[in-house]
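Trainee: Below you will find the structure I want to go over with you.
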2 protein chains.
Amino acid sequence: MTQTPGKFVSSYLLYLLAASSEAASHQFHIRVRELGLRVPEWRVLACLYDQDGLMITQLARYSLMEQSRMTRIVDQMEKRGLVVRKNDEGDGRRVRVHLTDTGQKLSSDVVEEAMEHERTLLSALNQADADRIKPSLERLLASLNSWNSTKE
Amino acid sequence: MTQTPGKFVSSYLLYLLAASSEAASHQFHIRVRELGLRVPEWRVLACLYDQDGLMITQLARYSLMEQSRMTRIVDQMEKRGLVVRKNDEGDGRRVRVHLTDTGQKLSSDVVEEAMEHERTLLSALNQADADRIKPSLERLLASLNSWNSTKE
DNA sequence: GTAAAAAATATGAAATTTCATATAATATGA
DNA sequence: TCATATTATATGAAATTTCATATTTTTTAC
């Protein structure tokens, strides 16, 4: 990873966000693949770790990807025995995705590694930044989300 | 865009970064597509706006994507008349990518819109966050980059 | 000066992703 | 209640992306 060439890109907010996200995730995503998972699969596991039985649409939104893609990712995870689809009682359109025992175990393990990784990253920052970064991103995200929702 | 379900994901640093990046870019990327560009093409234009004649490898790194993908993106942009490949004098392996007049014009226009969009985003934040966000991300990125480079 | 290693780009083939749309179930409203 | 709109998921086909590796040129080390 090197610096960008010129004046615009290297201080452009959208670049800084994309590049930080990429750089922060890089090592951990390598680890995710070592564990035999692809990044979108890990995201699904993390969401279901928080709340089992989410719908495909919710998983797609929380995992920052399109619904039809999520359908196929869930297909693959189901074939691998990490999750199962169940029909929602009460609303026949909905499909609820549940962790299997294997999926449960794997998601706990990876979440634990993720937390450890996060601690390592934060410890590389100066104290003030380490304290502020998450609350500050939470505010940014809230502001962006409400701004985006006014636009569509 | 809604909140995430549970405790882990919604306050996980890597999620906050990915989601902020996504949310911050969302509207602008819609605009990029309205202008007939795909996101990776816009990234190439932005890099070349800063420094014309970058190599494929550099464009890939700065645009956060793999080299073979960048080769094909440059192929398409070349077919569309936005850029041209030129051989580096002095090093026959290198291919330098240059903006055409059309590409030059387009990149200036889109960079201008990008700056305007950035001002709009920042103005939606409170003053303290608006002042701190970019320097803070710059420090984060620097820290992550040096940390990543120790790991490989 | 030469062999081996490294660097830069390209490419085939497989896999994934996107886009538009189909299908099915539920909600809405006259 | 019935027609229409909306929501949730799935899927075919096209396009893109990835992965491994080939090709070419330069650098390094002897």
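Residues are referred to by chain and number: the chain letter is A, B, ... according to the order shown in the structure tokens, the number counts from 1 in that chain, and ligands are numbered separately from 1 in the order shown.
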Can you tell me, as JSON, numbers by chain, what residues are no more than 12 Å from stretch 50-61 of chain B when counting only C-alpha atoms (C1' of nucleotides), ignoring any on the same chain fewer than 6 positions away?
Mentor: {"A": [1, 2, 3, 4, 5, 6, 7, 8, 9, 10, 11, 12, 19, 22, 23], "B": [40, 41, 42, 43, 44, 67, 68, 69, 70, 71, 72, 73, 74, 75, 83, 84, 85, 86, 87, 88, 91, 92, 93, 94, 95, 96, 97, 98, 99, 100, 101, 103, 104, 107, 108, 111], "C": [7, 8, 9, 10]}
Trainee: So which residues of stretch 71-106 of chain A fall under strand (DSSP E) by DSSP, listed as a ChimeraX atom specification?
Mentor: /A:83-87,95-99
Trainee: Can you spit out the residues from that selection as a PDB file, in the first residue's frame, using C-alpha atoms?
Mentor:
ATOM      1  CA  VAL A  83     -27.312 -22.110   7.556  1.00  0.00           C
ATOM      2  CA  VAL A  84     -30.835 -23.350   6.831  1.00  0.00           C
ATOM      3  CA  ARG A  85     -33.798 -21.550   5.318  1.00  0.00           C
ATOM      4  CA  LYS A  86     -37.081 -21.696   7.180  1.00  0.00           C
ATOM      5  CA  ASN A  87     -40.422 -20.337   6.075  1.00  0.00           C
ATOM      6  CA  VAL A  95     -37.544 -16.759   4.216  1.00  0.00           C
ATOM      7  CA  ARG A  96     -35.745 -16.780   7.525  1.00  0.00           C
ATOM      8  CA  VAL A  97     -32.125 -17.809   7.601  1.00  0.00           C
ATOM      9  CA  HIS A  98     -30.916 -19.706  10.646  1.00  0.00           C
ATOM     10  CA  LEU A  99     -27.480 -20.852  11.712  1.00  0.00           C
TER      11      LEU A  99
END
Trainee: Could you superpose chain A on chain B by least squares over every Cα, matched in sequence order, and send it back as a PDB file with C-alpha atoms, in the first residue's frame?
Mentor:
ATOM      1  CA  MET A   1     -30.537   2.078   4.954  1.00  0.00           C
ATOM      2  CA  THR A   2     -31.428   0.841   8.387  1.00  0.00           C
ATOM      3  CA  GLN A   3     -29.618  -0.048  11.539  1.00  0.00           C
ATOM      4  CA  THR A   4     -28.025  -3.408  11.977  1.00  0.00           C
ATOM      5  CA  PRO A   5     -29.726  -5.899  14.206  1.00  0.00           C
ATOM      6  CA  GLY A   6     -27.486  -6.726  17.113  1.00  0.00           C
ATOM      7  CA  LYS A   7     -24.703  -5.687  19.345  1.00  0.00           C
ATOM      8  CA  PHE A   8     -21.633  -6.928  17.543  1.00  0.00           C
ATOM      9  CA  VAL A   9     -21.961  -5.798  13.949  1.00  0.00           C
ATOM     10  CA  SER A  10     -23.345  -2.344  14.552  1.00  0.00           C
ATOM     11  CA  SER A  11     -20.354  -1.256  16.568  1.00  0.00           C
ATOM     12  CA  TYR A  12     -17.673  -3.280  14.826  1.00  0.00           C
ATOM     13  CA  LEU A  13     -14.967  -1.046  13.429  1.00  0.00           C
ATOM     14  CA  LEU A  14     -14.715  -2.843  10.092  1.00  0.00           C
ATOM     15  CA  TYR A  15     -18.465  -2.634   9.665  1.00  0.00           C
ATOM     16  CA  LEU A  16     -18.537   1.054  10.538  1.00  0.00           C
ATOM     17  CA  LEU A  17     -15.842   1.748   7.978  1.00  0.00           C
ATOM     18  CA  ALA A  18     -17.407  -0.337   5.207  1.00  0.00           C
ATOM     19  CA  ALA A  19     -20.879   1.004   5.879  1.00  0.00           C
ATOM     20  CA  SER A  20     -19.717   4.614   6.078  1.00  0.00           C
ATOM     21  CA  SER A  21     -17.813   4.241   2.856  1.00  0.00           C
ATOM     22  CA  GLU A  22     -20.818   2.703   1.177  1.00  0.00           C
ATOM     23  CA  ALA A  23     -23.249   5.292   2.532  1.00  0.00           C
ATOM     24  CA  ALA A  24     -20.977   8.217   1.734  1.00  0.00           C
ATOM     25  CA  SER A  25     -20.434   7.059  -1.835  1.00  0.00           C
ATOM     26  CA  HIS A  26     -23.944   5.941  -2.591  1.00  0.00           C
ATOM     27  CA  GLN A  27     -25.448   9.123  -4.011  1.00  0.00           C
ATOM     28  CA  PHE A  28     -22.316  10.122  -5.798  1.00  0.00           C
ATOM     29  CA  HIS A  29     -21.942   6.745  -7.450  1.00  0.00           C
ATOM     30  CA  ILE A  30     -25.471   7.069  -8.751  1.00  0.00           C
ATOM     31  CA  ARG A  31     -24.391  10.357 -10.293  1.00  0.00           C
ATOM     32  CA  VAL A  32     -21.264   8.726 -11.739  1.00  0.00           C
ATOM     33  CA  ARG A  33     -23.414   6.159 -13.495  1.00  0.00           C
ATOM     34  CA  GLU A  34     -25.708   8.879 -14.786  1.00  0.00           C
ATOM     35  CA  LEU A  35     -22.630  10.335 -16.416  1.00  0.00           C
ATOM     36  CA  GLY A  36     -22.122   7.028 -18.213  1.00  0.00           C
ATOM     37  CA  LEU A  37     -19.235   5.866 -16.071  1.00  0.00           C
ATOM     38  CA  ARG A  38     -18.795   2.873 -13.874  1.00  0.00           C
ATOM     39  CA  VAL A  39     -17.243   3.413 -10.473  1.00  0.00           C
ATOM     40  CA  PRO A  40     -13.864   1.881 -11.354  1.00  0.00           C
ATOM     41  CA  GLU A  41     -13.688   4.091 -14.426  1.00  0.00           C
ATOM     42  CA  TRP A  42     -14.352   7.150 -12.330  1.00  0.00           C
ATOM     43  CA  ARG A  43     -11.536   6.094 -10.012  1.00  0.00           C
ATOM     44  CA  VAL A  44      -9.160   5.846 -12.921  1.00  0.00           C
ATOM     45  CA  LEU A  45     -10.179   9.284 -14.137  1.00  0.00           C
ATOM     46  CA  ALA A  46      -9.626  10.722 -10.672  1.00  0.00           C
ATOM     47  CA  CYS A  47      -6.154   9.194 -10.407  1.00  0.00           C
ATOM     48  CA  LEU A  48      -5.178  10.444 -13.841  1.00  0.00           C
ATOM     49  CA  TYR A  49      -6.603  13.854 -13.027  1.00  0.00           C
ATOM     50  CA  ASP A  50      -4.050  13.989 -10.240  1.00  0.00           C
ATOM     51  CA  GLN A  51      -1.248  12.499 -12.257  1.00  0.00           C
ATOM     52  CA  ASP A  52      -1.480  11.634 -15.905  1.00  0.00           C
ATOM     53  CA  GLY A  53       0.543   8.730 -17.269  1.00  0.00           C
ATOM     54  CA  LEU A  54       0.287   6.373 -14.312  1.00  0.00           C
ATOM     55  CA  MET A  55       1.044   2.693 -14.865  1.00  0.00           C
ATOM     56  CA  ILE A  56      -1.625   0.003 -14.788  1.00  0.00           C
ATOM     57  CA  THR A  57      -0.199  -1.312 -11.532  1.00  0.00           C
ATOM     58  CA  GLN A  58      -0.343   2.076  -9.876  1.00  0.00           C
ATOM     59  CA  LEU A  59      -3.867   2.699 -11.079  1.00  0.00           C
ATOM     60  CA  ALA A  60      -4.868  -0.643  -9.635  1.00  0.00           C
ATOM     61  CA  ARG A  61      -3.322   0.129  -6.270  1.00  0.00           C
ATOM     62  CA  TYR A  62      -4.764   3.623  -5.987  1.00  0.00           C
ATOM     63  CA  SER A  63      -8.149   2.466  -7.181  1.00  0.00           C
ATOM     64  CA  LEU A  64      -8.154  -0.386  -4.688  1.00  0.00           C
ATOM     65  CA  MET A  65      -8.477  -3.192  -7.193  1.00  0.00           C
ATOM     66  CA  GLU A  66      -6.531  -6.038  -8.735  1.00  0.00           C
ATOM     67  CA  GLN A  67      -4.187  -5.567 -11.613  1.00  0.00           C
ATOM     68  CA  SER A  68      -5.829  -7.906 -14.090  1.00  0.00           C
ATOM     69  CA  ARG A  69      -9.113  -6.175 -13.491  1.00  0.00           C
ATOM     70  CA  MET A  70      -7.524  -2.811 -14.068  1.00  0.00           C
ATOM     71  CA  THR A  71      -6.060  -4.057 -17.350  1.00  0.00           C
ATOM     72  CA  ARG A  72      -9.559  -4.771 -18.578  1.00  0.00           C
ATOM     73  CA  ILE A  73     -10.982  -1.542 -17.286  1.00  0.00           C
ATOM     74  CA  VAL A  74      -8.294   0.372 -19.132  1.00  0.00           C
ATOM     75  CA  ASP A  75      -9.129  -1.716 -22.231  1.00  0.00           C
ATOM     76  CA  GLN A  76     -12.696  -0.506 -22.072  1.00  0.00           C
ATOM     77  CA  MET A  77     -11.809   3.081 -21.362  1.00  0.00           C
ATOM     78  CA  GLU A  78      -9.389   3.019 -24.250  1.00  0.00           C
ATOM     79  CA  LYS A  79     -12.095   1.678 -26.577  1.00  0.00           C
ATOM     80  CA  ARG A  80     -14.348   4.478 -25.376  1.00  0.00           C
ATOM     81  CA  GLY A  81     -11.670   7.021 -26.124  1.00  0.00           C
ATOM     82  CA  LEU A  82     -11.172   8.223 -22.558  1.00  0.00           C
ATOM     83  CA  VAL A  83      -7.555   7.117 -22.218  1.00  0.00           C
ATOM     84  CA  VAL A  84      -4.665   5.868 -24.353  1.00  0.00           C
ATOM     85  CA  ARG A  85      -1.850   3.487 -23.508  1.00  0.00           C
ATOM     86  CA  LYS A  86       1.680   4.604 -24.250  1.00  0.00           C
ATOM     87  CA  ASN A  87       4.858   2.606 -23.878  1.00  0.00           C
ATOM     88  CA  ASP A  88       7.242   3.866 -21.291  1.00  0.00           C
ATOM     89  CA  GLU A  89      10.520   4.898 -22.866  1.00  0.00           C
ATOM     90  CA  GLY A  90      13.246   3.405 -20.776  1.00  0.00           C
ATOM     91  CA  ASP A  91      11.268   0.449 -19.432  1.00  0.00           C
ATOM     92  CA  GLY A  92       9.561  -1.729 -21.977  1.00  0.00           C
ATOM     93  CA  ARG A  93       7.429  -3.536 -19.412  1.00  0.00           C
ATOM     94  CA  ARG A  94       5.590  -0.471 -18.361  1.00  0.00           C
ATOM     95  CA  VAL A  95       2.441   0.849 -19.927  1.00  0.00           C
ATOM     96  CA  ARG A  96       1.547   4.424 -19.149  1.00  0.00           C
ATOM     97  CA  VAL A  97      -2.077   5.436 -19.247  1.00  0.00           C
ATOM     98  CA  HIS A  98      -2.878   8.936 -20.450  1.00  0.00           C
ATOM     99  CA  LEU A  99      -6.110  10.881 -20.598  1.00  0.00           C
ATOM    100  CA  THR A 100      -7.344  11.839 -24.043  1.00  0.00           C
ATOM    101  CA  ASP A 101      -8.854  15.277 -24.521  1.00  0.00           C
ATOM    102  CA  THR A 102     -12.266  13.786 -23.946  1.00  0.00           C
ATOM    103  CA  GLY A 103     -11.030  11.998 -20.851  1.00  0.00           C
ATOM    104  CA  GLN A 104      -9.374  15.143 -19.585  1.00  0.00           C
ATOM    105  CA  LYS A 105     -12.564  17.134 -19.895  1.00  0.00           C
ATOM    106  CA  LEU A 106     -14.669  14.436 -18.308  1.00  0.00           C
ATOM    107  CA  SER A 107     -12.297  13.936 -15.415  1.00  0.00           C
ATOM    108  CA  SER A 108     -12.224  17.650 -14.612  1.00  0.00           C
ATOM    109  CA  ASP A 109     -15.984  17.812 -14.694  1.00  0.00           C
ATOM    110  CA  VAL A 110     -16.479  14.825 -12.453  1.00  0.00           C
ATOM    111  CA  VAL A 111     -13.773  15.866 -10.018  1.00  0.00           C
ATOM    112  CA  GLU A 112     -15.541  19.184  -9.711  1.00  0.00           C
ATOM    113  CA  GLU A 113     -18.818  17.457  -8.925  1.00  0.00           C
ATOM    114  CA  ALA A 114     -17.025  15.211  -6.462  1.00  0.00           C
ATOM    115  CA  MET A 115     -15.669  18.202  -4.565  1.00  0.00           C
ATOM    116  CA  GLU A 116     -19.072  19.785  -4.490  1.00  0.00           C
ATOM    117  CA  HIS A 117     -20.582  16.554  -3.232  1.00  0.00           C
ATOM    118  CA  GLU A 118     -17.946  16.315  -0.533  1.00  0.00           C
ATOM    119  CA  ARG A 119     -18.746  19.813   0.669  1.00  0.00           C
ATOM    120  CA  THR A 120     -22.393  18.864   0.896  1.00  0.00           C
ATOM    121  CA  LEU A 121     -21.641  15.765   2.932  1.00  0.00           C
ATOM    122  CA  LEU A 122     -19.378  17.618   5.328  1.00  0.00           C
ATOM    123  CA  SER A 123     -21.915  20.347   5.818  1.00  0.00           C
ATOM    124  CA  ALA A 124     -24.345  17.788   7.165  1.00  0.00           C
ATOM    125  CA  LEU A 125     -22.001  17.021  10.052  1.00  0.00           C
ATOM    126  CA  ASN A 126     -21.545  19.016  13.216  1.00  0.00           C
ATOM    127  CA  GLN A 127     -18.668  21.438  13.016  1.00  0.00           C
ATOM    128  CA  ALA A 128     -16.273  19.482  15.202  1.00  0.00           C
ATOM    129  CA  ASP A 129     -16.759  16.261  13.250  1.00  0.00           C
ATOM    130  CA  ALA A 130     -16.569  18.043   9.930  1.00  0.00           C
ATOM    131  CA  ASP A 131     -13.246  19.545  10.915  1.00  0.00           C
ATOM    132  CA  ARG A 132     -11.804  16.359  12.277  1.00  0.00           C
ATOM    133  CA  ILE A 133     -13.010  13.630   9.973  1.00  0.00           C
ATOM    134  CA  LYS A 134     -10.505  13.909   7.150  1.00  0.00           C
ATOM    135  CA  PRO A 135      -7.355  14.412   9.230  1.00  0.00           C
ATOM    136  CA  SER A 136      -8.511  11.629  11.476  1.00  0.00           C
ATOM    137  CA  LEU A 137      -9.056   9.237   8.554  1.00  0.00           C
ATOM    138  CA  GLU A 138      -5.682  10.233   7.146  1.00  0.00           C
ATOM    139  CA  ARG A 139      -4.014   9.214  10.377  1.00  0.00           C
ATOM    140  CA  LEU A 140      -6.004   5.997  10.509  1.00  0.00           C
ATOM    141  CA  LEU A 141      -5.049   5.158   6.961  1.00  0.00           C
ATOM    142  CA  ALA A 142      -1.379   5.870   7.569  1.00  0.00           C
ATOM    143  CA  SER A 143      -1.417   3.705  10.646  1.00  0.00           C
ATOM    144  CA  LEU A 144      -3.210   0.866   8.856  1.00  0.00           C
ATOM    145  CA  ASN A 145      -0.900   1.019   5.879  1.00  0.00           C
ATOM    146  CA  SER A 146       2.211   0.815   7.945  1.00  0.00           C
ATOM    147  CA  TRP A 147       0.734  -1.944  10.045  1.00  0.00           C
ATOM    148  CA  ASN A 148      -0.296  -3.902   6.953  1.00  0.00           C
ATOM    149  CA  SER A 149       3.124  -3.548   5.417  1.00  0.00           C
ATOM    150  CA  THR A 150       4.723  -5.145   8.442  1.00  0.00           C
ATOM    151  CA  LYS A 151       2.422  -8.116   7.934  1.00  0.00           C
ATOM    152  CA  GLU A 152       3.427  -8.973   4.388  1.00  0.00           C
TER     153      GLU A 152
END
Trainee: List every residue of stretch 21-150 of chain A that DSSP, applied to the backbone, labels as helix (DSSP H, G or I), and write the result as a ChimeraX atom specification.
Mentor: /A:21-34,39-50,56-62,67-79,101-123,127-150
Trainee: Wanna dump the chain D-chain A contacts at 8 Å for me, each residue with its shortest atom pair and the distance in Å to one decimal, counting only C-alpha atoms (C1' of nucleotides), ordered by chain and number, as a Markdown table?
Mentor:
| residue | atom | partner | partner_atom | distance |
| --- | --- | --- | --- | --- |
| D:DT7 | C1' | A:Arg93 | CA | 7.8 |
| D:DA8 | C1' | A:Arg93 | CA | 5.1 |
| D:DT9 | C1' | A:Arg93 | CA | 7.1 |
| D:DA10 | C1' | A:Thr71 | CA | 7.4 |
Trainee: Include C-alpha atoms (C1' of nucleotides) and write out the residues we just selected as a compact mmCIF listing (two decimals), in the first residue's frame.
Mentor:
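Printed below is out_18.txt as written:
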# COMPACT_ATOMS: atom_id res chain seq x y z
C1' DT D 7 -42.94 -6.90 -0.58
C1' DA D 8 -39.88 -10.97 -0.55
C1' DT D 9 -37.34 -14.15 -2.96
C1' DA D 10 -35.56 -16.45 -6.97
Trainee: What are the residues of chain C that have an atom within 10 Å of an atom of chain A, counting only C-alpha atoms (C1' of nucleotides), as a CSV table (one decimal) with C-alpha atoms (C1' of nucleotides), in the first residue's frame?
Mentor:
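Done, and the output landed in part12.csv:
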chain,number,residue,atom,x,y,z
C,16,DT,C1',-19.2,-14.5,-9.2
C,17,DT,C1',-22.1,-10.4,-9.7
C,18,DT,C1',-25.5,-7.6,-11.9
C,19,DC,C1',-29.7,-6.5,-14.2
C,24,DA,C1',-45.7,-15.8,-5.1
C,25,DA,C1',-47.7,-13.8,-1.0
C,26,DT,C1',-49.5,-10.0,1.4
Trainee: Could you name the residues that touch D:DT28 at 9 Å or less, counting only C-alpha atoms (C1' of nucleotides), but leaving out those on the same chain fewer than 2 positions away, as a PyMOL selection string?
Mentor: chain C and resi 4-6
Trainee: Hey, can you spit out that residue selection with C-alpha atoms (C1' of nucleotides) as a PDB file, in the first residue's frame?
Mentor:
ATOM      1  C1'  DA C   4      17.958 -16.476 -11.925  1.00  0.00           C
ATOM      2  C1'  DA C   5      14.715 -13.481  -9.823  1.00  0.00           C
ATOM      3  C1'  DA C   6      11.587  -9.831 -10.010  1.00  0.00           C
TER       4       DA C   6
END
Trainee: Rounded to one decimal in Å, what is the spacing between atom C1' of D:DT11 and atom C1' of C:DA22?
Mentor: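 That distance, rounded to one decimal, is 7.9 Å.
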